[in-house]
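Content type mmCIF, C-alpha atoms, from the file query_6.cif:
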```cif
data_protein
loop_
_atom_site.label_atom_id
_atom_site.label_comp_id
_atom_site.auth_asym_id
_atom_site.auth_seq_id
_atom_site.Cartn_x
_atom_site.Cartn_y
_atom_site.Cartn_z
CA MET X 275 19.66 -24.90 61.48
CA ALA X 276 23.26 -24.86 60.30
CA PRO X 277 23.81 -25.73 56.63
CA ASN X 278 25.69 -28.82 55.55
CA GLY X 279 29.34 -28.57 54.59
CA PRO X 280 32.32 -26.77 56.07
CA TRP X 281 32.06 -23.30 57.56
CA VAL X 282 34.60 -20.74 56.43
CA SER X 283 34.77 -17.51 58.41
CA GLU X 284 36.83 -14.34 58.29
CA THR X 285 37.31 -11.70 60.95
CA ILE X 286 38.70 -8.19 60.64
CA TYR X 287 40.81 -7.10 63.59
CA GLY X 288 41.94 -3.54 64.21
CA THR X 289 44.78 -2.05 66.22
CA ILE X 290 45.61 1.55 67.14
CA ASN X 291 48.89 0.88 68.94
CA GLY X 292 51.05 -0.87 66.38
CA GLY X 293 49.74 -4.34 67.15
CA LYS X 294 50.17 -4.44 70.94
CA SER X 295 46.44 -5.12 71.28
CA TRP X 296 43.69 -5.93 68.81
CA THR X 297 39.91 -5.52 68.65
CA ALA X 298 37.63 -7.75 66.61
CA LEU X 299 35.77 -5.35 64.32
CA ALA X 300 33.65 -7.54 62.07
CA SER X 301 33.32 -11.15 60.99
CA TRP X 302 31.30 -13.20 58.56
CA ASN X 303 30.94 -16.75 57.31
CA LYS X 304 29.37 -18.67 54.45
CA MET X 305 25.85 -17.61 55.36
CA HIS X 306 26.68 -13.97 56.13
CA ALA X 307 29.26 -12.85 53.61
CA VAL X 308 29.04 -9.12 54.31
CA PRO X 309 29.77 -7.67 57.79
CA SER X 310 26.83 -5.28 57.76
CA PRO X 311 23.04 -5.47 58.29
CA THR X 312 22.41 -5.98 54.59
CA GLU X 313 22.66 -9.49 53.20
CA ALA X 314 22.66 -8.60 49.52
CA VAL X 315 25.82 -10.62 49.01
CA THR X 316 25.44 -14.35 49.55
CA GLY X 317 27.80 -17.25 49.26
CA LEU X 318 31.43 -17.38 50.28
CA ALA X 319 33.31 -14.09 50.14
CA SER X 320 36.98 -13.52 50.84
CA ILE X 321 38.88 -10.29 51.44
CA SER X 322 41.03 -9.33 48.48
CA GLN X 323 42.24 -6.06 49.98
CA LEU X 324 41.70 -3.69 52.87
CA THR X 325 42.63 -0.04 52.49
CA PHE X 326 42.24 2.70 55.10
CA GLN X 327 42.60 6.44 54.45
CA ASN X 328 42.87 7.16 58.18
CA ALA X 329 41.90 5.60 61.50
CA ARG X 330 38.19 5.76 60.68
CA LEU X 331 37.67 5.75 56.90
CA GLY X 332 38.33 2.55 55.00
CA HIS X 333 37.23 0.17 52.25
CA ALA X 334 37.27 -3.58 51.72
CA LEU X 335 37.35 -5.36 48.39
CA LEU X 336 35.68 -8.78 48.47
CA PHE X 337 36.13 -11.49 45.86
CA LEU X 338 32.89 -13.42 45.29
CA GLY X 339 34.18 -16.09 42.94
CA ALA X 340 34.97 -16.41 39.25
CA GLY X 341 33.65 -18.35 36.29
CA VAL X 342 34.60 -18.57 32.65
CA GLY X 343 35.48 -15.02 31.63
CA SER X 344 33.77 -13.32 34.56
CA ALA X 345 34.29 -12.53 38.22
CA GLY X 346 32.15 -11.25 41.07
CA TYR X 347 33.19 -8.60 43.57
CA ALA X 348 31.81 -6.36 46.30
CA VAL X 349 33.09 -3.11 47.81
CA LEU X 350 32.39 -2.23 51.44
CA SER X 351 33.07 1.01 53.31
CA THR X 352 33.43 1.95 56.95
CA THR X 353 33.47 5.32 58.71
CA ASP X 354 34.13 4.13 62.28
CA GLY X 355 37.40 2.25 61.94
CA GLY X 356 35.80 -1.01 60.85
CA SER X 357 33.17 -1.67 63.53
CA GLN X 358 30.38 -1.33 60.99
CA TRP X 359 30.53 -1.83 57.23
CA THR X 360 28.23 -0.67 54.44
CA LEU X 361 27.82 -2.57 51.18
CA GLU X 362 28.53 0.00 48.46
CA THR X 363 28.30 -2.19 45.38
CA GLN X 364 28.12 -5.80 44.23
CA LYS X 365 28.69 -6.71 40.59
CA ILE X 366 29.80 -9.31 38.11
CA LEU X 367 32.66 -8.23 35.84
CA LEU X 368 32.47 -9.76 32.37
CA GLY X 369 35.73 -10.52 30.58
CA SER X 370 37.65 -9.99 33.77
CA ASP X 371 39.86 -11.81 36.23
CA GLY X 372 38.34 -9.73 39.03
CA PRO X 373 39.61 -6.54 40.69
CA SER X 374 42.94 -7.16 42.36
CA ALA X 375 43.96 -3.72 43.63
CA LEU X 376 42.02 -0.88 45.28
CA SER X 377 43.00 2.66 46.26
CA PHE X 378 41.18 5.57 47.92
CA PRO X 379 43.45 8.60 48.52
CA GLY X 380 43.04 11.00 51.41
CA HIS X 381 39.55 11.82 52.67
CA ALA X 382 37.96 11.87 49.23
CA SER X 383 35.12 9.61 48.12
CA THR X 384 37.01 9.09 44.85
CA GLY X 385 38.74 5.77 44.35
CA TRP X 386 40.09 3.35 41.74
CA PHE X 387 40.48 -0.36 41.25
CA ALA X 388 42.44 -2.21 38.58
CA ASN X 389 42.16 -5.71 37.17
CA GLY X 390 43.47 -7.80 34.32
CA SER X 391 41.25 -8.67 31.40
CA SER X 392 40.73 -12.31 30.50
CA ALA X 393 39.64 -11.30 27.00
CA GLY X 394 42.52 -9.08 25.94
CA ALA X 395 46.00 -7.78 26.66
CA TYR X 396 45.13 -4.81 28.82
CA THR X 397 44.48 -3.75 32.40
CA VAL X 398 41.12 -2.12 33.13
CA VAL X 399 41.12 0.83 35.53
CA ALA X 400 37.71 1.63 37.05
CA LYS X 401 36.86 4.79 38.99
CA THR X 402 34.23 5.81 41.52
CA ALA X 403 33.27 9.31 42.67
CA ASP X 404 30.60 8.25 45.20
CA ASN X 405 32.59 6.19 47.71
CA GLY X 406 32.25 2.99 45.72
CA ALA X 407 28.51 2.90 45.09
CA SER X 408 29.01 3.05 41.32
CA TRP X 409 32.01 2.34 39.14
CA SER X 410 32.80 3.09 35.51
CA THR X 411 35.64 2.01 33.26
CA TRP X 412 38.06 4.90 33.36
CA SER X 413 40.94 3.70 31.19
CA GLN X 414 42.57 0.66 29.64
CA VAL X 415 46.31 0.14 29.85
CA SER X 416 47.62 -2.00 26.99
CA SER X 417 50.36 -4.58 27.36
CA GLU X 418 52.14 -7.11 25.18
CA ALA X 419 50.58 -10.04 27.06
CA PRO X 420 47.51 -10.54 29.29
CA PRO X 421 48.46 -8.50 32.39
CA SER X 422 47.61 -8.56 36.06
CA ALA X 423 47.62 -5.40 38.17
CA LEU X 424 49.59 -6.37 41.25
CA SER X 425 49.38 -3.02 43.00
CA VAL X 426 47.64 0.32 42.50
CA HIS X 427 48.11 3.41 44.64
CA PHE X 428 46.88 7.00 44.32
CA SER X 429 48.50 9.62 46.53
CA SER X 430 45.99 12.24 45.34
CA ILE X 431 43.05 12.47 42.93
CA THR X 432 45.50 13.15 40.09
CA SER X 433 48.73 11.26 40.89
CA GLY X 434 48.91 7.48 40.96
CA PHE X 435 50.84 4.42 39.85
CA MET X 436 50.39 0.71 39.18
CA VAL X 437 52.76 -2.22 39.09
CA VAL X 438 51.69 -4.68 36.40
CA SER X 439 52.96 -8.16 35.56
CA THR X 440 52.32 -9.61 32.12
CA ASN X 441 52.18 -13.11 33.58
CA GLY X 442 50.48 -12.52 36.91
CA TYR X 443 51.60 -14.07 40.17
CA GLN X 444 51.91 -17.68 39.13
CA THR X 445 53.92 -17.95 35.93
CA PRO X 446 57.72 -17.89 35.83
CA GLN X 447 59.61 -15.59 33.47
CA HIS X 448 57.47 -12.63 34.46
CA SER X 449 57.82 -9.12 33.10
CA LEU X 450 57.15 -6.17 35.39
CA TYR X 451 56.00 -2.71 34.34
CA LEU X 452 55.52 0.48 36.32
CA GLN X 453 52.58 2.57 35.11
CA THR X 454 52.33 6.20 36.28
CA THR X 455 49.60 8.79 35.82
CA THR X 456 49.32 12.50 36.59
CA ASP X 457 45.80 13.11 35.29
CA GLY X 458 43.73 10.92 37.57
CA GLY X 459 44.21 7.69 35.65
CA ARG X 460 43.13 8.67 32.15
CA LEU X 461 46.58 8.40 30.61
CA TRP X 462 49.36 6.12 31.83
CA GLU X 463 53.08 6.18 31.10
CA THR X 464 54.83 2.82 30.96
CA HIS X 465 58.23 2.18 32.54
CA MET X 466 59.94 -1.19 32.26
CA MET X 467 61.07 -2.65 35.59
CA PRO X 468 64.07 -4.97 35.35
CA THR X 469 63.63 -8.40 36.90
CA GLU X 470 67.32 -9.16 37.34
CA GLY X 471 67.89 -10.38 40.88
CA LEU X 472 64.32 -11.66 41.31
CA PRO X 473 63.42 -15.37 41.60
CA LEU X 474 61.01 -17.09 39.23
CA TRP X 475 57.78 -16.60 41.17
CA ILE X 476 56.15 -13.50 42.61
CA ARG X 477 53.51 -14.00 45.29
CA GLY X 478 53.11 -10.60 46.95
CA LEU X 479 53.91 -6.96 46.38
CA SER X 480 53.56 -3.64 48.23
CA PHE X 481 54.62 -0.21 46.97
CA VAL X 482 54.34 3.17 48.72
CA ASN X 483 55.71 5.23 45.83
CA PRO X 484 57.11 4.50 42.35
CA LYS X 485 60.65 4.30 43.72
CA THR X 486 60.08 2.19 46.84
CA GLY X 487 58.47 -1.24 47.00
CA TRP X 488 58.85 -4.80 48.26
CA ILE X 489 58.13 -8.09 46.52
CA VAL X 490 57.80 -11.60 47.93
CA GLY X 491 59.56 -14.02 45.61
CA GLY X 492 60.53 -17.67 45.51
CA SER X 493 61.54 -20.53 43.25
CA PRO X 494 61.27 -24.34 43.27
CA HIS X 495 62.80 -25.90 46.39
CA HIS X 496 63.76 -22.51 47.82
CA PRO X 497 61.95 -20.47 50.50
CA TYR X 498 60.12 -17.26 49.73
CA ARG X 499 62.07 -14.12 50.58
CA LEU X 500 61.64 -10.35 50.50
CA TYR X 501 63.13 -8.21 47.74
CA HIS X 502 63.44 -4.43 47.92
CA TRP X 503 62.99 -2.14 44.88
CA SER X 504 65.14 0.97 45.30
CA ASP X 505 67.15 3.13 42.92
CA GLY X 506 66.04 1.01 39.97
CA ALA X 507 67.33 -2.33 41.30
CA TRP X 508 66.17 -5.30 43.39
CA ASN X 509 68.00 -6.32 46.57
CA VAL X 510 67.37 -9.18 48.99
CA LEU X 511 66.03 -8.18 52.41
CA PRO X 512 66.33 -10.17 55.65
CA THR X 513 63.19 -12.31 55.86
CA PRO X 514 62.25 -13.04 59.48
CA ASP X 515 60.22 -16.19 58.81
CA ALA X 516 61.00 -17.69 55.42
CA SER X 517 58.85 -20.61 54.26
CA GLN X 518 59.01 -22.82 51.22
CA ASN X 519 55.31 -23.77 51.29
CA HIS X 520 53.58 -20.54 52.35
CA PRO X 521 54.67 -17.19 50.90
CA PRO X 522 54.35 -14.33 53.39
CA THR X 523 52.22 -11.28 52.77
CA VAL X 524 53.83 -7.86 53.17
CA ASP X 525 52.38 -4.39 53.61
CA LEU X 526 54.43 -1.20 53.57
CA VAL X 527 53.15 1.64 55.77
CA ASN X 528 55.83 4.05 54.56
CA VAL X 529 59.40 3.78 53.27
CA HIS X 530 60.64 2.60 56.69
CA VAL X 531 57.74 0.77 58.40
CA ALA X 532 56.25 -2.52 57.19
CA TYR X 533 54.33 -5.56 58.43
CA LEU X 534 54.86 -9.14 57.31
CA ALA X 535 52.47 -12.05 57.99
CA GLN X 536 53.71 -15.63 57.67
CA GLN X 537 51.38 -18.61 57.74
CA HIS X 538 52.37 -22.03 59.11
CA GLY X 539 49.37 -24.31 58.75
CA ALA X 540 46.56 -22.74 60.77
CA ARG X 541 48.94 -20.44 62.66
CA ILE X 542 49.95 -16.96 61.48
CA THR X 543 52.90 -14.97 62.77
CA LEU X 544 52.94 -11.19 62.34
CA TRP X 545 56.22 -9.26 62.17
CA LYS X 546 56.98 -5.52 62.12
CA THR X 547 59.98 -3.48 61.03
CA VAL X 548 60.62 0.24 61.54
CA ASN X 549 64.05 0.42 59.87
CA ASP X 550 63.56 -0.71 56.25
CA GLY X 551 63.59 -4.42 57.10
CA LYS X 552 66.99 -4.48 58.80
CA LYS X 553 65.42 -5.75 62.04
CA TRP X 554 62.09 -7.47 62.69
CA THR X 555 60.10 -7.95 65.88
CA LYS X 556 57.08 -10.19 66.51
CA VAL X 557 53.71 -8.51 66.93
CA PHE X 558 50.96 -10.01 69.05
CA LEU X 559 48.22 -11.37 66.79
CA PRO X 560 44.85 -12.60 68.07
CA LEU X 561 44.18 -16.29 67.50
CA SER X 562 47.74 -16.82 66.24
#
```
Render the structure in this file as structure tokens.
Amino acid sequence: MAPNGPWVSETIYGTINGGKSWTALASWNKMHAVPSPTEAVTGLASISQLTFQNARLGHALLFLGAGVGSAGYAVLSTTDGGSQWTLETQKILLGSDGPSALSFPGHASTGWFANGSSAGAYTVVAKTADNGASWSTWSQVSSEAPPSALSVHFSSITSGFMVVSTNGYQTPQHSLYLQTTTDGGRLWETHMMPTEGLPLWIRGLSFVNPKTGWIVGGSPHHPYRLYHWSDGAWNVLPTPDASQNHPPTVDLVNVHVAYLAQQHGARITLWKTVNDGKKWTKVFLPLS
């Protein structure tokens, strides 16, 4: 018998031809939060991030809700391109806003996630060496104000970087910092990122290396637009589907190729660029 209340479902779709066709890989709803045979996770789960090392190996970070000074999360893994998922871990993080960024480089079972601390002015970096089954606090990156890790990316088991905002996504007058590491995340070097040229609010961010990244920004009564970080400065990019009410999400594949998803009510439009955002084309999206 179906439970009372609204049903909320999520489906993961995969494509191997740049979005010309899609295959439904896994889905779940309020009663089945994890797309795998195990039902260890219950309640409503939402995808915080998907990250794939190649066409078959990938991980999903699920947000399981937050309370006062704590947050729940789960990490799933797949080895067949997303058709089947395995629950690697499910935990409650105390004194945390919840993991907001996840990275698994190459074919290794080593990965990292980062999250802001609700109890202090630092970002916690956690590491796994067993594909996400167990995690341990690896380092803490201090900041002048309670930070939020907006993006984390490791290109190898030693080299990585984070983009951190001292005010998170929501608060105007943000400060951005670039954190880099060459020892696997133990020690981090801080680089100030100027915010000149950016609007008041940041709602999305994607970086492929410390010198190349895009941010979705907006301000009151103005639509959200794309901004490109290159050569130490921010520049406005053509935004194919600007909206004042719904900020788009953006994902860089490399320095030239990116996807942008724009929501209009229940409809989502997916766009693709192969020339640094100079030109955008619509991509077929199932159920759009």
_as a ChimeraX atom specification, please: the residues near Thr325 of chain X (cut-off 8 Å, all atoms listed in the file, same-chain neighbours under 6 positions excluded)._
/X:332-334,376-378
_Set the distance at 10 Å and use only C-alpha atoms: which residues neighbour Gly385 of chain X once local chain neighbours fewer than 6 positions away are removed? I'd like the list as a list of chain:residue names._
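Here the qualifying residues turn out to be X:His333, X:Leu376, X:Ser377, X:Phe378, X:Pro379, X:Ala400, X:Lys401, X:Thr402, X:Ala403, X:Asp404, X:Asn405, X:Gly406, X:Trp409, X:His427, X:Phe428, X:Ser430, X:Ile431, X:Gly458.
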Would you put the residues from that selection into a file with C-alpha atoms, as a compact mmCIF listing (two decimals), in the coordinates of the input?
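Contents of the output file out-v8.txt:
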```txt
# COMPACT_ATOMS: atom_id res chain seq x y z
CA HIS X 333 37.23 0.17 52.25
CA LEU X 376 42.02 -0.88 45.28
CA SER X 377 43.00 2.66 46.26
CA PHE X 378 41.18 5.57 47.92
CA PRO X 379 43.45 8.60 48.52
CA ALA X 400 37.71 1.63 37.05
CA LYS X 401 36.86 4.79 38.99
CA THR X 402 34.23 5.81 41.52
CA ALA X 403 33.27 9.31 42.67
CA ASP X 404 30.60 8.25 45.20
CA ASN X 405 32.59 6.19 47.71
CA GLY X 406 32.25 2.99 45.72
CA TRP X 409 32.01 2.34 39.14
CA HIS X 427 48.11 3.41 44.64
CA PHE X 428 46.88 7.00 44.32
CA SER X 430 45.99 12.24 45.34
CA ILE X 431 43.05 12.47 42.93
CA GLY X 458 43.73 10.92 37.57
```
*Two-atom distance - atom CA of Ser416 of chain X, atom CA of Asp457 of chain X (Å)*: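 Separation between atom CA of Ser416 of chain X and atom CA of Asp457 of chain X: 17.3 Å.
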_Among the residues X:Gly346, X:Pro514, X:Gly551, X:Gly292, the one that comes closest to Gln536 of chain X [using all atoms listed in the file]_ = X:Pro514
_Answer key for the PyMOL selection byres ((chain X and resi 412) around 7), residues as an MDAnalysis selection string_ = chainID X and resid 399:401 410:411 413 460
Please save C-alpha atoms of the selected residues as an mmCIF file, in the frame of the given file.
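Written file, again_26.cif:
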```cif
data_model
loop_
_atom_site.group_PDB
_atom_site.id
_atom_site.type_symbol
_atom_site.label_atom_id
_atom_site.label_comp_id
_atom_site.auth_asym_id
_atom_site.auth_seq_id
_atom_site.Cartn_x
_atom_site.Cartn_y
_atom_site.Cartn_z
ATOM 1 C CA VAL X 399 41.120 0.830 35.530
ATOM 2 C CA ALA X 400 37.710 1.630 37.050
ATOM 3 C CA LYS X 401 36.860 4.790 38.990
ATOM 4 C CA SER X 410 32.800 3.090 35.510
ATOM 5 C CA THR X 411 35.640 2.010 33.260
ATOM 6 C CA SER X 413 40.940 3.700 31.190
ATOM 7 C CA ARG X 460 43.130 8.670 32.150
#
```
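Taking all atoms listed in the file into account, His530 of chain X lies nearest to X:Val482 out of the set X:Val482, X:Leu450, X:Val438, X:Leu544.
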_Point-to-point distance in Å for atom CA of Leu335 of chain X and atom CA of Val349 of chain X_ =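 Computed distance, atom CA of Val349 of chain X to atom CA of Leu335 of chain X, equals 4.9 Å.
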*atom CA of Ser408 of chain X and atom CA of Thr360 of chain X are how many Å apart?*
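These atoms are spaced 13.7 Å apart.
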What lies within 12 Å of Pro521 of chain X using only C-alpha atoms, ignoring chain neighbours under 5 positions off, as a CSV table (one decimal) with C-alpha atoms, in the frame of the given file?
```
chain,number,residue,atom,x,y,z
X,443,TYR,CA,51.6,-14.1,40.2
X,475,TRP,CA,57.8,-16.6,41.2
X,476,ILE,CA,56.2,-13.5,42.6
X,477,ARG,CA,53.5,-14.0,45.3
X,478,GLY,CA,53.1,-10.6,47.0
X,479,LEU,CA,53.9,-7.0,46.4
X,489,ILE,CA,58.1,-8.1,46.5
X,490,VAL,CA,57.8,-11.6,47.9
X,491,GLY,CA,59.6,-14.0,45.6
X,492,GLY,CA,60.5,-17.7,45.5
X,493,SER,CA,61.5,-20.5,43.2
X,496,HIS,CA,63.8,-22.5,47.8
X,497,PRO,CA,62.0,-20.5,50.5
X,498,TYR,CA,60.1,-17.3,49.7
X,499,ARG,CA,62.1,-14.1,50.6
X,500,LEU,CA,61.6,-10.4,50.5
X,513,THR,CA,63.2,-12.3,55.9
X,515,ASP,CA,60.2,-16.2,58.8
X,516,ALA,CA,61.0,-17.7,55.4
X,534,LEU,CA,54.9,-9.1,57.3
X,535,ALA,CA,52.5,-12.0,58.0
X,536,GLN,CA,53.7,-15.6,57.7
X,537,GLN,CA,51.4,-18.6,57.7
X,538,HIS,CA,52.4,-22.0,59.1
X,539,GLY,CA,49.4,-24.3,58.8
X,542,ILE,CA,50.0,-17.0,61.5
```
Output as JSON the centre and edge lengths (Å, one decimal) of the box along x, y and z of the file that holds every listed atom of segment 521-536 of chain X after adding 3 Å on each side.
```
{"center_x": 56.4, "center_y": -6.6, "center_z": 54.7, "size_x": 14.4, "size_y": 27.2, "size_z": 13.5}
```
Could you rebuild segment 394-419 of chain X with N, CA and C atoms and give it back as a PDB file, in the frame of the given file?
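rebuild03.pdb written:
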```pdb
ATOM      1  N   GLY X 394      41.599  -9.861  26.738  1.00  0.00           N
ATOM      2  CA  GLY X 394      42.520  -9.080  25.940  1.00  0.00           C
ATOM      3  C   GLY X 394      43.742  -8.684  26.729  1.00  0.00           C
ATOM      4  N   ALA X 395      44.718  -8.108  26.032  1.00  0.00           N
ATOM      5  CA  ALA X 395      46.000  -7.780  26.660  1.00  0.00           C
ATOM      6  C   ALA X 395      45.973  -6.360  27.200  1.00  0.00           C
ATOM      7  N   TYR X 396      45.174  -6.129  28.219  1.00  0.00           N
ATOM      8  CA  TYR X 396      45.130  -4.810  28.820  1.00  0.00           C
ATOM      9  C   TYR X 396      44.657  -4.911  30.269  1.00  0.00           C
ATOM     10  N   THR X 397      44.966  -3.893  31.030  1.00  0.00           N
ATOM     11  CA  THR X 397      44.480  -3.750  32.400  1.00  0.00           C
ATOM     12  C   THR X 397      43.371  -2.712  32.412  1.00  0.00           C
ATOM     13  N   VAL X 398      42.252  -3.041  33.025  1.00  0.00           N
ATOM     14  CA  VAL X 398      41.120  -2.120  33.130  1.00  0.00           C
ATOM     15  C   VAL X 398      41.245  -1.342  34.443  1.00  0.00           C
ATOM     16  N   VAL X 399      41.133  -0.034  34.356  1.00  0.00           N
ATOM     17  CA  VAL X 399      41.120   0.830  35.530  1.00  0.00           C
ATOM     18  C   VAL X 399      39.718   1.403  35.668  1.00  0.00           C
ATOM     19  N   ALA X 400      39.053   1.117  36.786  1.00  0.00           N
ATOM     20  CA  ALA X 400      37.710   1.630  37.050  1.00  0.00           C
ATOM     21  C   ALA X 400      37.775   2.692  38.132  1.00  0.00           C
ATOM     22  N   LYS X 401      36.853   3.654  38.064  1.00  0.00           N
ATOM     23  CA  LYS X 401      36.860   4.790  38.990  1.00  0.00           C
ATOM     24  C   LYS X 401      35.480   4.989  39.586  1.00  0.00           C
ATOM     25  N   THR X 402      35.461   5.433  40.843  1.00  0.00           N
ATOM     26  CA  THR X 402      34.230   5.810  41.520  1.00  0.00           C
ATOM     27  C   THR X 402      34.376   7.226  42.065  1.00  0.00           C
ATOM     28  N   ALA X 403      33.290   7.971  42.074  1.00  0.00           N
ATOM     29  CA  ALA X 403      33.270   9.310  42.670  1.00  0.00           C
ATOM     30  C   ALA X 403      32.266   9.395  43.800  1.00  0.00           C
ATOM     31  N   ASP X 404      31.636   8.259  44.157  1.00  0.00           N
ATOM     32  CA  ASP X 404      30.600   8.250  45.200  1.00  0.00           C
ATOM     33  C   ASP X 404      30.884   7.184  46.258  1.00  0.00           C
ATOM     34  N   ASN X 405      32.161   7.066  46.619  1.00  0.00           N
ATOM     35  CA  ASN X 405      32.590   6.190  47.710  1.00  0.00           C
ATOM     36  C   ASN X 405      32.453   4.714  47.392  1.00  0.00           C
ATOM     37  N   GLY X 406      32.320   4.383  46.116  1.00  0.00           N
ATOM     38  CA  GLY X 406      32.250   2.990  45.720  1.00  0.00           C
ATOM     39  C   GLY X 406      30.879   2.482  45.378  1.00  0.00           C
ATOM     40  N   ALA X 407      29.867   3.337  45.417  1.00  0.00           N
ATOM     41  CA  ALA X 407      28.510   2.900  45.090  1.00  0.00           C
ATOM     42  C   ALA X 407      28.369   2.576  43.612  1.00  0.00           C
ATOM     43  N   SER X 408      29.055   3.319  42.763  1.00  0.00           N
ATOM     44  CA  SER X 408      29.010   3.050  41.320  1.00  0.00           C
ATOM     45  C   SER X 408      30.408   3.191  40.752  1.00  0.00           C
ATOM     46  N   TRP X 409      30.689   2.362  39.760  1.00  0.00           N
ATOM     47  CA  TRP X 409      32.010   2.340  39.140  1.00  0.00           C
ATOM     48  C   TRP X 409      31.859   2.400  37.633  1.00  0.00           C
ATOM     49  N   SER X 410      32.802   3.050  36.967  1.00  0.00           N
ATOM     50  CA  SER X 410      32.800   3.090  35.510  1.00  0.00           C
ATOM     51  C   SER X 410      34.225   2.851  35.018  1.00  0.00           C
ATOM     52  N   THR X 411      34.321   2.221  33.856  1.00  0.00           N
ATOM     53  CA  THR X 411      35.640   2.010  33.260  1.00  0.00           C
ATOM     54  C   THR X 411      36.254   3.353  32.931  1.00  0.00           C
ATOM     55  N   TRP X 412      37.424   3.609  33.475  1.00  0.00           N
ATOM     56  CA  TRP X 412      38.060   4.900  33.360  1.00  0.00           C
ATOM     57  C   TRP X 412      39.150   4.900  32.294  1.00  0.00           C
ATOM     58  N   SER X 413      39.890   3.801  32.199  1.00  0.00           N
ATOM     59  CA  SER X 413      40.940   3.700  31.190  1.00  0.00           C
ATOM     60  C   SER X 413      41.328   2.249  31.021  1.00  0.00           C
ATOM     61  N   GLN X 414      42.029   1.976  29.924  1.00  0.00           N
ATOM     62  CA  GLN X 414      42.570   0.660  29.640  1.00  0.00           C
ATOM     63  C   GLN X 414      44.059   0.820  29.320  1.00  0.00           C
ATOM     64  N   VAL X 415      44.870   0.071  30.029  1.00  0.00           N
ATOM     65  CA  VAL X 415      46.310   0.140  29.850  1.00  0.00           C
ATOM     66  C   VAL X 415      46.759  -1.088  29.087  1.00  0.00           C
ATOM     67  N   SER X 416      47.243  -0.887  27.863  1.00  0.00           N
ATOM     68  CA  SER X 416      47.620  -2.000  26.990  1.00  0.00           C
ATOM     69  C   SER X 416      48.942  -2.614  27.432  1.00  0.00           C
ATOM     70  N   SER X 417      49.122  -3.875  27.065  1.00  0.00           N
ATOM     71  CA  SER X 417      50.360  -4.580  27.360  1.00  0.00           C
ATOM     72  C   SER X 417      50.595  -5.595  26.261  1.00  0.00           C
ATOM     73  N   GLU X 418      51.807  -6.144  26.218  1.00  0.00           N
ATOM     74  CA  GLU X 418      52.140  -7.110  25.180  1.00  0.00           C
ATOM     75  C   GLU X 418      51.551  -8.475  25.459  1.00  0.00           C
ATOM     76  N   ALA X 419      51.157  -8.756  26.684  1.00  0.00           N
ATOM     77  CA  ALA X 419      50.580 -10.040  27.060  1.00  0.00           C
ATOM     78  C   ALA X 419      49.488  -9.786  28.089  1.00  0.00           C
TER      79      ALA X 419
END
```
